[in-house]
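What follows is the content of data_4.pdb (PDB, C-alpha atoms).
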MODEL        1
ATOM      1  CA  MET S   8       9.965  -1.350  14.356
ATOM      2  CA  THR S   9      12.688   1.329  14.272
ATOM      3  CA  SER S  10      13.412   3.516  17.288
ATOM      4  CA  ALA S  11      14.702   6.463  15.251
ATOM      5  CA  ALA S  12      12.685   9.689  15.265
ATOM      6  CA  PRO S  13      10.221   9.860  12.345
ATOM      7  CA  GLN S  14      11.461  12.059   9.496
ATOM      8  CA  LEU S  15       9.161  14.465   7.648
ATOM      9  CA  THR S  16      10.152  14.901   3.998
ATOM     10  CA  LEU S  17       9.169  17.260   1.188
ATOM     11  CA  GLY S  18       9.066  15.779  -2.297
ATOM     12  CA  PRO S  19      10.218  17.748  -5.343
ATOM     13  CA  VAL S  20       7.844  20.285  -6.865
ATOM     14  CA  LEU S  21       5.988  18.366  -9.563
ATOM     15  CA  TYR S  22       4.421  21.410 -11.230
ATOM     16  CA  ASN S  23       5.678  24.192 -13.481
ATOM     17  CA  TRP S  24       6.085  27.060 -11.028
ATOM     18  CA  PRO S  25       8.007  30.217 -12.030
ATOM     19  CA  ALA S  26      11.649  29.882 -10.996
ATOM     20  CA  GLU S  27      11.567  32.790  -8.550
ATOM     21  CA  LYS S  28       8.404  31.467  -6.915
ATOM     22  CA  ARG S  29      10.025  28.057  -6.477
ATOM     23  CA  ARG S  30      13.176  29.630  -5.037
ATOM     24  CA  ASP S  31      11.174  31.677  -2.516
ATOM     25  CA  PHE S  32       9.108  28.619  -1.637
ATOM     26  CA  TYR S  33      12.246  26.691  -0.659
ATOM     27  CA  PHE S  34      13.642  29.662   1.236
ATOM     28  CA  ARG S  35      10.496  29.712   3.381
ATOM     29  CA  ILE S  36      10.683  25.949   3.865
ATOM     30  CA  ALA S  37      14.271  26.394   5.058
ATOM     31  CA  ASP S  38      13.376  29.140   7.501
ATOM     32  CA  GLU S  39       9.984  28.042   8.844
ATOM     33  CA  ALA S  40       9.009  24.418   8.112
ATOM     34  CA  PRO S  41       9.732  21.436  10.423
ATOM     35  CA  ILE S  42      10.942  19.377   7.458
ATOM     36  CA  ASP S  43      13.902  17.009   7.825
ATOM     37  CA  VAL S  44      14.586  16.037   4.189
ATOM     38  CA  VAL S  45      13.940  18.117   1.047
ATOM     39  CA  TYR S  46      14.007  16.621  -2.448
ATOM     40  CA  ILE S  47      14.845  19.023  -5.273
ATOM     41  CA  GLY S  48      14.817  18.454  -9.013
ATOM     42  CA  GLU S  49      12.664  18.290 -12.130
ATOM     43  CA  ILE S  50      10.672  15.070 -12.199
ATOM     44  CA  THR S  51       8.038  15.653 -14.853
ATOM     45  CA  CYS S  52       9.437  17.463 -17.920
ATOM     46  CA  SER S  53      13.071  18.214 -18.743
ATOM     47  CA  LYS S  54      12.030  21.311 -20.717
ATOM     48  CA  ARG S  55      11.236  23.032 -17.417
ATOM     49  CA  ALA S  56      14.577  22.315 -15.760
ATOM     50  CA  PRO S  57      16.748  25.147 -17.213
ATOM     51  CA  PHE S  58      14.601  27.851 -15.620
ATOM     52  CA  PHE S  59      15.216  26.738 -12.031
ATOM     53  CA  SER S  60      18.679  25.193 -12.391
ATOM     54  CA  PRO S  61      20.586  28.466 -11.734
ATOM     55  CA  TYR S  62      18.913  28.735  -8.327
ATOM     56  CA  ILE S  63      19.614  25.184  -7.140
ATOM     57  CA  PRO S  64      23.040  25.814  -5.508
ATOM     58  CA  GLU S  65      21.693  28.778  -3.522
ATOM     59  CA  VAL S  66      18.564  26.876  -2.503
ATOM     60  CA  CYS S  67      20.555  23.818  -1.408
ATOM     61  CA  GLU S  68      22.893  25.935   0.686
ATOM     62  CA  ARG S  69      19.982  27.723   2.356
ATOM     63  CA  LEU S  70      18.249  24.440   3.197
ATOM     64  CA  GLU S  71      21.408  22.779   4.480
ATOM     65  CA  ALA S  72      22.253  25.808   6.588
ATOM     66  CA  ALA S  73      18.851  25.293   8.218
ATOM     67  CA  GLY S  74      19.814  21.711   9.095
ATOM     68  CA  LYS S  75      17.832  19.936   6.388
ATOM     69  CA  GLU S  76      19.112  17.061   4.281
ATOM     70  CA  VAL S  77      18.945  17.790   0.538
ATOM     71  CA  VAL S  78      18.412  15.027  -2.019
ATOM     72  CA  LEU S  79      18.540  15.696  -5.779
ATOM     73  CA  SER S  80      15.748  13.973  -7.717
ATOM     74  CA  THR S  81      15.977  12.670 -11.277
ATOM     75  CA  LEU S  82      13.469  12.609 -14.109
ATOM     76  CA  ALA S  83      10.827   9.901 -13.864
ATOM     77  CA  LEU S  84      10.878   9.224 -17.614
ATOM     78  CA  VAL S  85      14.211   9.525 -19.427
ATOM     79  CA  MET S  86      13.751   9.436 -23.228
ATOM     80  CA  SER S  87      16.217  11.629 -25.129
ATOM     81  CA  ARG S  88      19.990  11.570 -25.573
ATOM     82  CA  ARG S  89      20.212  14.949 -23.854
ATOM     83  CA  GLU S  90      18.302  13.660 -20.846
ATOM     84  CA  ARG S  91      20.584  10.623 -20.594
ATOM     85  CA  LYS S  92      23.652  12.865 -20.757
ATOM     86  CA  GLU S  93      22.332  15.128 -17.978
ATOM     87  CA  LEU S  94      21.492  12.099 -15.849
ATOM     88  CA  ASN S  95      24.998  10.694 -16.284
ATOM     89  CA  GLU S  96      26.522  14.013 -15.236
ATOM     90  CA  LEU S  97      24.321  14.255 -12.151
ATOM     91  CA  ALA S  98      25.097  10.681 -11.094
ATOM     92  CA  SER S  99      28.852  11.110 -11.483
ATOM     93  CA  GLU S 100      29.302  14.652 -10.179
ATOM     94  CA  SER S 101      26.681  15.308  -7.483
ATOM     95  CA  PRO S 102      28.088  15.724  -3.957
ATOM     96  CA  ARG S 103      24.589  15.118  -2.567
ATOM     97  CA  PRO S 104      22.451  11.969  -2.426
ATOM     98  CA  ILE S 105      20.279  11.322  -5.489
ATOM     99  CA  GLU S 106      16.725  10.051  -5.694
ATOM    100  CA  ALA S 107      16.451   7.670  -8.640
ATOM    101  CA  ASN S 108      13.050   7.827 -10.320
ATOM    102  CA  ASP S 109      13.920   5.824 -13.429
ATOM    103  CA  LEU S 110      15.636   2.464 -13.871
ATOM    104  CA  SER S 111      18.386   4.076 -15.956
ATOM    105  CA  ALA S 112      19.295   6.212 -12.949
ATOM    106  CA  ILE S 113      19.375   3.188 -10.654
ATOM    107  CA  ASN S 114      21.910   1.475 -12.890
ATOM    108  CA  LEU S 115      24.193   4.519 -12.731
ATOM    109  CA  LEU S 116      23.926   4.718  -8.939
ATOM    110  CA  ARG S 117      24.464   1.053  -8.193
ATOM    111  CA  HIS S 118      26.574   0.602  -5.053
ATOM    112  CA  LYS S 119      26.461   4.362  -4.346
ATOM    113  CA  LYS S 120      24.316   5.854  -1.613
ATOM    114  CA  HIS S 121      20.980   6.833  -3.139
ATOM    115  CA  VAL S 122      17.216   6.826  -2.641
ATOM    116  CA  ILE S 123      14.753   4.787  -4.707
ATOM    117  CA  GLY S 124      11.990   7.210  -5.664
ATOM    118  CA  PRO S 125       8.223   6.596  -5.814
ATOM    119  CA  PHE S 126       8.219   6.259  -9.625
ATOM    120  CA  VAL S 127      10.113   2.970  -9.375
ATOM    121  CA  ASN S 128       7.564   0.328  -8.408
ATOM    122  CA  VAL S 129       8.427  -1.663  -5.295
ATOM    123  CA  TYR S 130       5.629  -4.104  -4.521
ATOM    124  CA  ASN S 131       7.310  -7.017  -2.759
ATOM    125  CA  GLU S 132       9.998  -7.945  -0.274
ATOM    126  CA  GLY S 133      12.393  -9.339  -2.881
ATOM    127  CA  THR S 134      12.478  -6.106  -4.882
ATOM    128  CA  LEU S 135      12.908  -4.088  -1.705
ATOM    129  CA  GLU S 136      15.843  -6.217  -0.574
ATOM    130  CA  HIS S 137      17.452  -6.031  -4.026
ATOM    131  CA  PHE S 138      17.504  -2.237  -3.925
ATOM    132  CA  TYR S 139      18.910  -2.120  -0.393
ATOM    133  CA  GLU S 140      21.658  -4.552  -1.376
ATOM    134  CA  SER S 141      22.443  -2.389  -4.429
ATOM    135  CA  GLY S 142      23.203   0.611  -2.251
ATOM    136  CA  ALA S 143      19.868   2.324  -1.640
ATOM    137  CA  SER S 144      19.746   4.006   1.752
ATOM    138  CA  ARG S 145      15.996   4.578   1.507
ATOM    139  CA  VAL S 146      13.060   3.405  -0.610
ATOM    140  CA  VAL S 147       9.928   5.469  -1.291
ATOM    141  CA  LEU S 148       6.886   3.248  -1.749
ATOM    142  CA  SER S 149       4.333   3.550  -4.540
ATOM    143  CA  CYS S 150       1.213   5.546  -3.758
ATOM    144  CA  GLU S 151      -1.383   2.842  -4.450
ATOM    145  CA  LEU S 152      -0.172   0.247  -1.925
ATOM    146  CA  PRO S 153      -2.734  -0.807   0.712
ATOM    147  CA  SER S 154      -1.906  -0.850   4.405
ATOM    148  CA  THR S 155      -1.361  -4.629   4.408
ATOM    149  CA  SER S 156       1.367  -4.370   1.758
ATOM    150  CA  VAL S 157       2.958  -1.391   3.487
ATOM    151  CA  ALA S 158       3.090  -3.380   6.719
ATOM    152  CA  GLN S 159       4.737  -6.361   4.989
ATOM    153  CA  LEU S 160       7.357  -4.142   3.389
ATOM    154  CA  GLY S 161       7.908  -2.334   6.683
ATOM    155  CA  LYS S 162       8.630  -5.667   8.310
ATOM    156  CA  ALA S 163      10.989  -6.646   5.478
ATOM    157  CA  ALA S 164      12.854  -3.336   5.782
ATOM    158  CA  ASN S 165      13.812  -4.419   9.300
ATOM    159  CA  GLY S 166      14.620  -0.932  10.586
ATOM    160  CA  ARG S 167      16.082   0.395   7.335
ATOM    161  CA  GLU S 168      14.703   3.637   5.928
ATOM    162  CA  LEU S 169      11.314   3.374   4.215
ATOM    163  CA  GLU S 170       9.195   6.297   3.008
ATOM    164  CA  VAL S 171       5.471   6.670   2.301
ATOM    165  CA  GLN S 172       3.619   9.442   0.440
ATOM    166  CA  THR S 173       1.301  10.982   3.032
ATOM    167  CA  PHE S 174       0.042  14.240   1.520
ATOM    168  CA  GLY S 175      -0.771  15.726  -1.873
ATOM    169  CA  ARG S 176      -2.107  14.781  -5.252
ATOM    170  CA  LEU S 177      -0.824  11.334  -6.100
ATOM    171  CA  PRO S 178       1.346  10.843  -9.222
ATOM    172  CA  LEU S 179      -0.344   7.968 -11.024
ATOM    173  CA  ALA S 180       1.230   7.720 -14.494
ATOM    174  CA  LEU S 181       3.582   9.356 -16.988
ATOM    175  CA  SER S 182       3.375   9.579 -20.760
ATOM    176  CA  ALA S 183       5.613  10.610 -23.625
ATOM    177  CA  ARG S 184       2.765  12.897 -24.733
ATOM    178  CA  CYS S 185       1.885  16.219 -23.100
ATOM    179  CA  TYR S 186      -1.753  16.423 -22.089
ATOM    180  CA  HIS S 187      -1.449  20.068 -21.125
ATOM    181  CA  ALA S 188      -0.196  21.090 -24.557
ATOM    182  CA  ARG S 189      -2.847  19.030 -26.341
ATOM    183  CA  SER S 190      -5.634  20.633 -24.274
ATOM    184  CA  HIS S 191      -4.533  24.014 -25.670
ATOM    185  CA  ASN S 192      -4.220  22.680 -29.250
ATOM    186  CA  LEU S 193      -0.431  22.791 -29.039
ATOM    187  CA  THR S 194       2.269  20.199 -29.619
ATOM    188  CA  LYS S 195       4.706  19.000 -26.978
ATOM    189  CA  ASP S 196       7.645  20.666 -28.741
ATOM    190  CA  GLY S 197       5.703  23.938 -29.089
ATOM    191  CA  CYS S 198       3.874  23.792 -25.770
ATOM    192  CA  GLN S 199       4.542  27.437 -24.772
ATOM    193  CA  TYR S 200       4.796  26.094 -21.204
ATOM    194  CA  VAL S 201       1.027  26.326 -20.732
ATOM    195  CA  CYS S 202       1.291  23.984 -17.711
ATOM    196  CA  GLU S 203       2.411  27.078 -15.778
ATOM    197  CA  LEU S 204      -1.229  28.197 -15.851
ATOM    198  CA  ASN S 205      -2.132  25.427 -13.375
ATOM    199  CA  PRO S 206       0.192  25.503 -10.344
ATOM    200  CA  ASP S 207      -1.541  22.460  -8.794
ATOM    201  CA  GLY S 208      -2.327  20.636 -12.039
ATOM    202  CA  MET S 209      -5.292  20.913 -14.390
ATOM    203  CA  ASP S 210      -8.537  19.209 -13.357
ATOM    204  CA  VAL S 211      -9.916  16.574 -15.715
ATOM    205  CA  ARG S 212     -13.672  16.009 -15.754
ATOM    206  CA  THR S 213     -15.928  13.282 -17.071
ATOM    207  CA  LEU S 214     -18.530  14.027 -19.774
ATOM    208  CA  ASP S 215     -21.065  14.825 -17.063
ATOM    209  CA  GLY S 216     -18.696  17.350 -15.454
ATOM    210  CA  THR S 217     -17.446  15.301 -12.520
ATOM    211  CA  PRO S 218     -13.761  15.913 -11.671
ATOM    212  CA  PHE S 219     -11.864  12.643 -11.360
ATOM    213  CA  LEU S 220      -8.207  13.216 -12.337
ATOM    214  CA  ALA S 221      -5.669  16.005 -12.750
ATOM    215  CA  VAL S 222      -2.944  16.397 -15.355
ATOM    216  CA  ASN S 223       0.415  18.082 -15.045
ATOM    217  CA  GLY S 224       2.154  18.236 -18.387
ATOM    218  CA  THR S 225       2.886  14.595 -19.230
ATOM    219  CA  GLN S 226       1.736  13.384 -15.835
ATOM    220  CA  THR S 227      -1.617  11.947 -14.746
ATOM    221  CA  MET S 228      -2.481  12.596 -11.096
ATOM    222  CA  SER S 229      -5.288  12.022  -8.652
ATOM    223  CA  TYR S 230      -7.919  14.752  -8.460
ATOM    224  CA  THR S 231      -8.310  14.337  -4.710
ATOM    225  CA  MET S 232      -5.586  15.214  -2.212
ATOM    226  CA  ASN S 233      -4.162  12.167  -0.494
ATOM    227  CA  SER S 234      -3.905  12.530   3.276
ATOM    228  CA  LEU S 235      -2.611   9.883   5.658
ATOM    229  CA  LEU S 236      -2.543  12.302   8.580
ATOM    230  CA  GLY S 237      -4.813  10.019  10.588
ATOM    231  CA  GLU S 238      -2.706   6.957   9.762
ATOM    232  CA  LEU S 239       0.711   8.295  10.794
ATOM    233  CA  ASP S 240       0.811   6.482  14.119
ATOM    234  CA  HIS S 241      -0.014   3.166  12.436
ATOM    235  CA  LEU S 242       2.640   3.792   9.784
ATOM    236  CA  LYS S 243       5.249   4.367  12.478
ATOM    237  CA  GLU S 244       4.245   1.114  14.178
ATOM    238  CA  VAL S 245       4.756  -0.955  11.004
ATOM    239  CA  GLY S 246       8.253   0.405  10.373
ATOM    240  CA  ILE S 247       7.850   3.502   8.187
ATOM    241  CA  THR S 248      10.611   5.997   8.966
ATOM    242  CA  HIS S 249       9.989   8.837   6.478
ATOM    243  CA  PHE S 250       6.726  10.606   5.659
ATOM    244  CA  ARG S 251       6.486  12.550   2.384
ATOM    245  CA  LEU S 252       4.521  15.708   1.675
ATOM    246  CA  TRP S 253       4.110  16.705  -1.981
ATOM    247  CA  PRO S 254       4.437  20.506  -2.483
ATOM    248  CA  HIS S 255       1.311  22.400  -3.507
ATOM    249  CA  ASP S 256       0.396  26.031  -4.085
ATOM    250  CA  MET S 257      -0.861  26.543  -0.536
ATOM    251  CA  ASP S 258       0.575  27.133   2.927
ATOM    252  CA  MET S 259       2.925  24.162   2.990
ATOM    253  CA  VAL S 260       4.627  25.450   6.136
ATOM    254  CA  GLU S 261       1.365  25.101   8.036
ATOM    255  CA  VAL S 262       0.745  21.688   6.443
ATOM    256  CA  ALA S 263       4.192  20.584   7.613
ATOM    257  CA  HIS S 264       3.480  21.812  11.142
ATOM    258  CA  LEU S 265       0.250  19.792  11.254
ATOM    259  CA  PHE S 266       1.999  16.602  10.148
ATOM    260  CA  ARG S 267       4.927  17.190  12.496
ATOM    261  CA  ASN S 268       2.526  17.709  15.390
ATOM    262  CA  VAL S 269       0.668  14.456  14.704
ATOM    263  CA  LEU S 270       3.928  12.526  14.286
ATOM    264  CA  ASP S 271       4.908  13.731  17.745
ATOM    265  CA  ASN S 272       1.401  13.722  19.299
ATOM    266  CA  PRO S 273      -0.865  11.099  17.665
ATOM    267  CA  GLU S 274      -3.771  12.037  19.916
ATOM    268  CA  ASP S 275      -4.070  15.338  18.001
ATOM    269  CA  SER S 276      -4.806  13.650  14.651
ATOM    270  CA  LYS S 277      -8.565  14.352  14.572
ATOM    271  CA  LYS S 278      -8.175  18.041  15.349
ATOM    272  CA  SER S 279      -5.275  18.389  12.910
ATOM    273  CA  LEU S 280      -7.273  16.703  10.139
ATOM    274  CA  GLY S 281      -9.971  19.342  10.549
ATOM    275  CA  LEU S 282      -7.374  22.090  10.260
ATOM    276  CA  LEU S 283      -5.860  20.417   7.180
ATOM    277  CA  GLN S 284      -9.275  20.378   5.486
ATOM    278  CA  GLU S 285      -9.458  24.152   6.001
ATOM    279  CA  ILE S 286      -6.084  24.654   4.285
ATOM    280  CA  VAL S 287      -6.764  22.345   1.322
ATOM    281  CA  THR S 288      -9.370  24.047  -0.854
ATOM    282  CA  ILE S 289      -8.545  22.750  -4.348
ATOM    283  CA  ALA S 290     -10.017  19.266  -3.892
ATOM    284  CA  PRO S 291     -11.356  16.863  -1.236
ATOM    285  CA  LEU S 292      -9.008  14.785   0.896
ATOM    286  CA  SER S 293      -8.745  11.036   0.302
ATOM    287  CA  ASN S 294      -7.002   7.928   1.625
ATOM    288  CA  GLY S 295      -8.769   5.145  -0.270
ATOM    289  CA  PHE S 296      -5.733   3.315  -1.647
ATOM    290  CA  PHE S 297      -4.329   2.807   1.843
ATOM    291  CA  HIS S 298      -7.627   1.289   2.987
ATOM    292  CA  SER S 299      -7.932  -1.103   0.022
ATOM    293  CA  THR S 300     -10.732   0.767  -1.717
ATOM    294  CA  GLU S 301     -11.047   3.323  -4.526
ATOM    295  CA  GLY S 302      -8.304   5.907  -4.189
ATOM    296  CA  PHE S 303     -10.634   8.922  -4.248
ATOM    297  CA  ARG S 304     -12.522   7.858  -1.135
ATOM    298  CA  MET S 305     -11.900   9.186   2.383
ATOM    299  CA  VAL S 306     -12.141   6.419   4.984
ATOM    300  CA  GLU S 307     -12.665   7.744   8.488
TER
ENDMDL
END

Represent the structure from my file as structure tokens, please.
Amino acid sequence: MTSAAPQLTLGPVLYNWPAEKRRDFYFRIADEAPIDVVYIGEITCSKRAPFFSPYIPEVCERLEAAGKEVVLSTLALVMSRRERKELNELASESPRPIEANDLSAINLLRHKKHVIGPFVNVYNEGTLEHFYESGASRVVLSCELPSTSVAQLGKAANGRELEVQTFGRLPLALSARCYHARSHNLTKDGCQYVCELNPDGMDVRTLDGTPFLAVNGTQTMSYTMNSLLGELDHLKEVGITHFRLWPHDMDMVEVAHLFRNVLDNPEDSKKSLGLLQEIVTIAPLSNGFFHSTEGFRMVE
């Protein structure tokens, strides 16, 4: 178990928000949120990246001036020559740490300080140790791991930095095809950026109308909103050092305050969970994966 203070992190925005909205979101995070580490970058679709790229230097400076660590995140699925070229440039030129979300990025960052992102599957102690030995300063665990596996990996980390996804829709899978475009009878190349219509992802329903997934461009996500707010104290005990919130189109500053409060005062978890349920209106909360059951369930 590590004695360092628990770190609250904010993952990169997974959705297609307008560039100015994303900029203002990060400015507010810098000024008001008790976040320690902020990840920035386009994870889902490289076509979105040029819109926000001009704002990244200003956003990074604002966050760092507020005392937050900034990590630049890479695409989770690198397919084209252009994407490989951009990844090479980021790996060789970035003055900031990089979160590698694809194996091609890991190869470029070998023996440099970097973070292994949640889109690289780490399921066992051997894989975890391999990435630490290759230069990773922190590893973000996959979202579907049960508490027993998290505890084993926490023990294997032996005080080194280990991060768990504790809030938000869970990223489950990525595809070369764009579900959002197809749902509007468009092609991926001519998508017209229709994913911007759904700032928290588009709900997917079964034939009988029951919502069970969400899609975000090429990404499949959980319909429910993962919350490990009530499990934070246990996660600290088993060696987790960093606790990730995924950004959503809601009051993320207040969400961050609730998680920060429970990290510091575990006895407030029940009250804070009630307040979190009032903030999250797009879908029910869930924690099933962590408790070795269906991911959509909420285990008290």

**Message:** Starting from the PyMOL selection byres ((chain S and resi 295) around 9), expand the selection into actual residues of this file and give them as JSON, numbers by chain.
**Reply:** {"S": [151, 153, 233, 293, 294, 296, 297, 298, 299, 300, 301, 302, 303, 304, 305, 306]}

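The residues returned by the PyMOL selection byres ((chain S and resi 263) around 8) on the shown structure are S:Leu15, S:Ala40, S:Pro41, S:Ile42, S:Leu252, S:Met259, S:Val260, S:Glu261, S:Val262, S:His264, S:Leu265, S:Phe266, S:Arg267.
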
**Asked** Rounded to one decimal in Å, what is the spacing between atom CA of Thr248 of chain S and atom CA of Lys278 of chain S?
**Response** 23.2 Å

Considering all atoms listed in the file, give me a table of residues in segment 14-125 of chain S that are at most 10 Å from segment 164-184 of chain S, with the closest atom pair and distance in Å for each, as a Markdown table.
| residue | atom | partner | partner_atom | distance |
| --- | --- | --- | --- | --- |
| S:Gln14 | CA | S:Glu170 | CA | 9.0 |
| S:Leu15 | CA | S:Glu170 | CA | 9.4 |
| S:Thr16 | CA | S:Glu170 | CA | 8.7 |
| S:Leu17 | CA | S:Gln172 | CA | 9.6 |
| S:Gly18 | CA | S:Gln172 | CA | 8.8 |
| S:Leu21 | CA | S:Pro178 | CA | 8.8 |
| S:Thr51 | CA | S:Leu181 | CA | 8.0 |
| S:Cys52 | CA | S:Ala183 | CA | 9.7 |
| S:Ala83 | CA | S:Leu181 | CA | 7.9 |
| S:Leu84 | CA | S:Leu181 | CA | 7.3 |
| S:Val85 | CA | S:Ala183 | CA | 9.6 |
| S:Met86 | CA | S:Ala183 | CA | 8.2 |
| S:Val122 | CA | S:Glu168 | CA | 9.5 |
| S:Ile123 | CA | S:Glu170 | CA | 9.6 |
| S:Gly124 | CA | S:Glu170 | CA | 9.2 |
| S:Pro125 | CA | S:Gln172 | CA | 8.3 |

**Prompt:** Could you pull the residues within 12 Å of Asn223 of chain S, counting all atoms listed in the file, minus those fewer than 3 positions along the same chain, as a PyMOL selection string?
**Reply:** chain S and resi 20-24+50-52+176-182+184-190+200-211+220+226-230

Give me the residues near Phe59 of chain S as a tab-separated table (two decimals) with C-alpha atoms, in the coordinates of the input, where near means some atom within 10 Å (using only C-alpha atoms) and where sequence neighbours in that chain fewer than 4 positions away do not count.
chain	number	residue	atom	x	y	z
S	23	ASN	CA	5.68	24.19	-13.48
S	24	TRP	CA	6.08	27.06	-11.03
S	25	PRO	CA	8.01	30.22	-12.03
S	26	ALA	CA	11.65	29.88	-11.00
S	27	GLU	CA	11.57	32.79	-8.55
S	28	LYS	CA	8.40	31.47	-6.92
S	29	ARG	CA	10.02	28.06	-6.48
S	30	ARG	CA	13.18	29.63	-5.04
S	48	GLY	CA	14.82	18.45	-9.01
S	49	GLU	CA	12.66	18.29	-12.13
S	55	ARG	CA	11.24	23.03	-17.42
S	63	ILE	CA	19.61	25.18	-7.14

**Message:** Around (21.4, 4.6, -12.9), as given in the file, which residues come within 12 Å? Count all atoms listed in the file and list them as a ChimeraX atom specification.
**Reply:** /S:81-83,85,91-99,105-123,127,138,141-143

**Prompt:** Looking at all atoms listed in the file, which of S:Ser53, S:Asp240, S:Phe250, S:Gly281 is the one that sits closest to Gly224 of chain S?
**Reply:** S:Ser53

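Put simply, atom CA of Glu71 of chain S is 18.5 Å away from atom CA of Glu100 of chain S.
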
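In this structure, atom CA of Arg89 of chain S sits 28.8 Å away from atom CA of His255 of chain S.
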
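Proximity of S:Cys198, S:Ile247, S:Leu239, S:Cys150 to Ala163 of chain S, computed with all atoms listed in the file, is greatest for S:Ile247.
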
Return the padded bounding box of segment 152-171 of chain S as JSON: axis-aligned, built from all atoms listed in the file, 5 Å added on each side, with centre and edge lengths in Å to one decimal.
{"center_x": 6.7, "center_y": 0.0, "center_z": 4.3, "size_x": 28.8, "size_y": 23.3, "size_z": 22.5}

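Using all atoms listed in the file, the shortest contact distance between Glu76 of chain S and any of S:Lys243, S:Arg103, S:Lys54, S:Lys195 is found at S:Arg103.
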
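Nearest residue to Arg69 of chain S among S:Trp253, S:Asp31, S:Glu90, S:Gln159 is S:Asp31, counting all atoms listed in the file.
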
Counting all atoms listed in the file, find residues at most 6 Å from (9.6, -0.8, -1.2) (file frame) and give them as a PDB file with C-alpha atoms, in the coordinates of the input.
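So the final result, stored in out16.pdb, reads:
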ATOM      1  CA  VAL S 129       8.427  -1.663  -5.295  1.00  0.00           C
ATOM      2  CA  LEU S 135      12.908  -4.088  -1.705  1.00  0.00           C
ATOM      3  CA  VAL S 146      13.060   3.405  -0.610  1.00  0.00           C
ATOM      4  CA  LEU S 148       6.886   3.248  -1.749  1.00  0.00           C
TER       5      LEU S 148
END

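Comparing S:His191, S:Arg35, S:Lys162, S:Arg212 by their smallest distance to Glu244 of chain S, the closest is S:Lys162 (using only C-alpha atoms).
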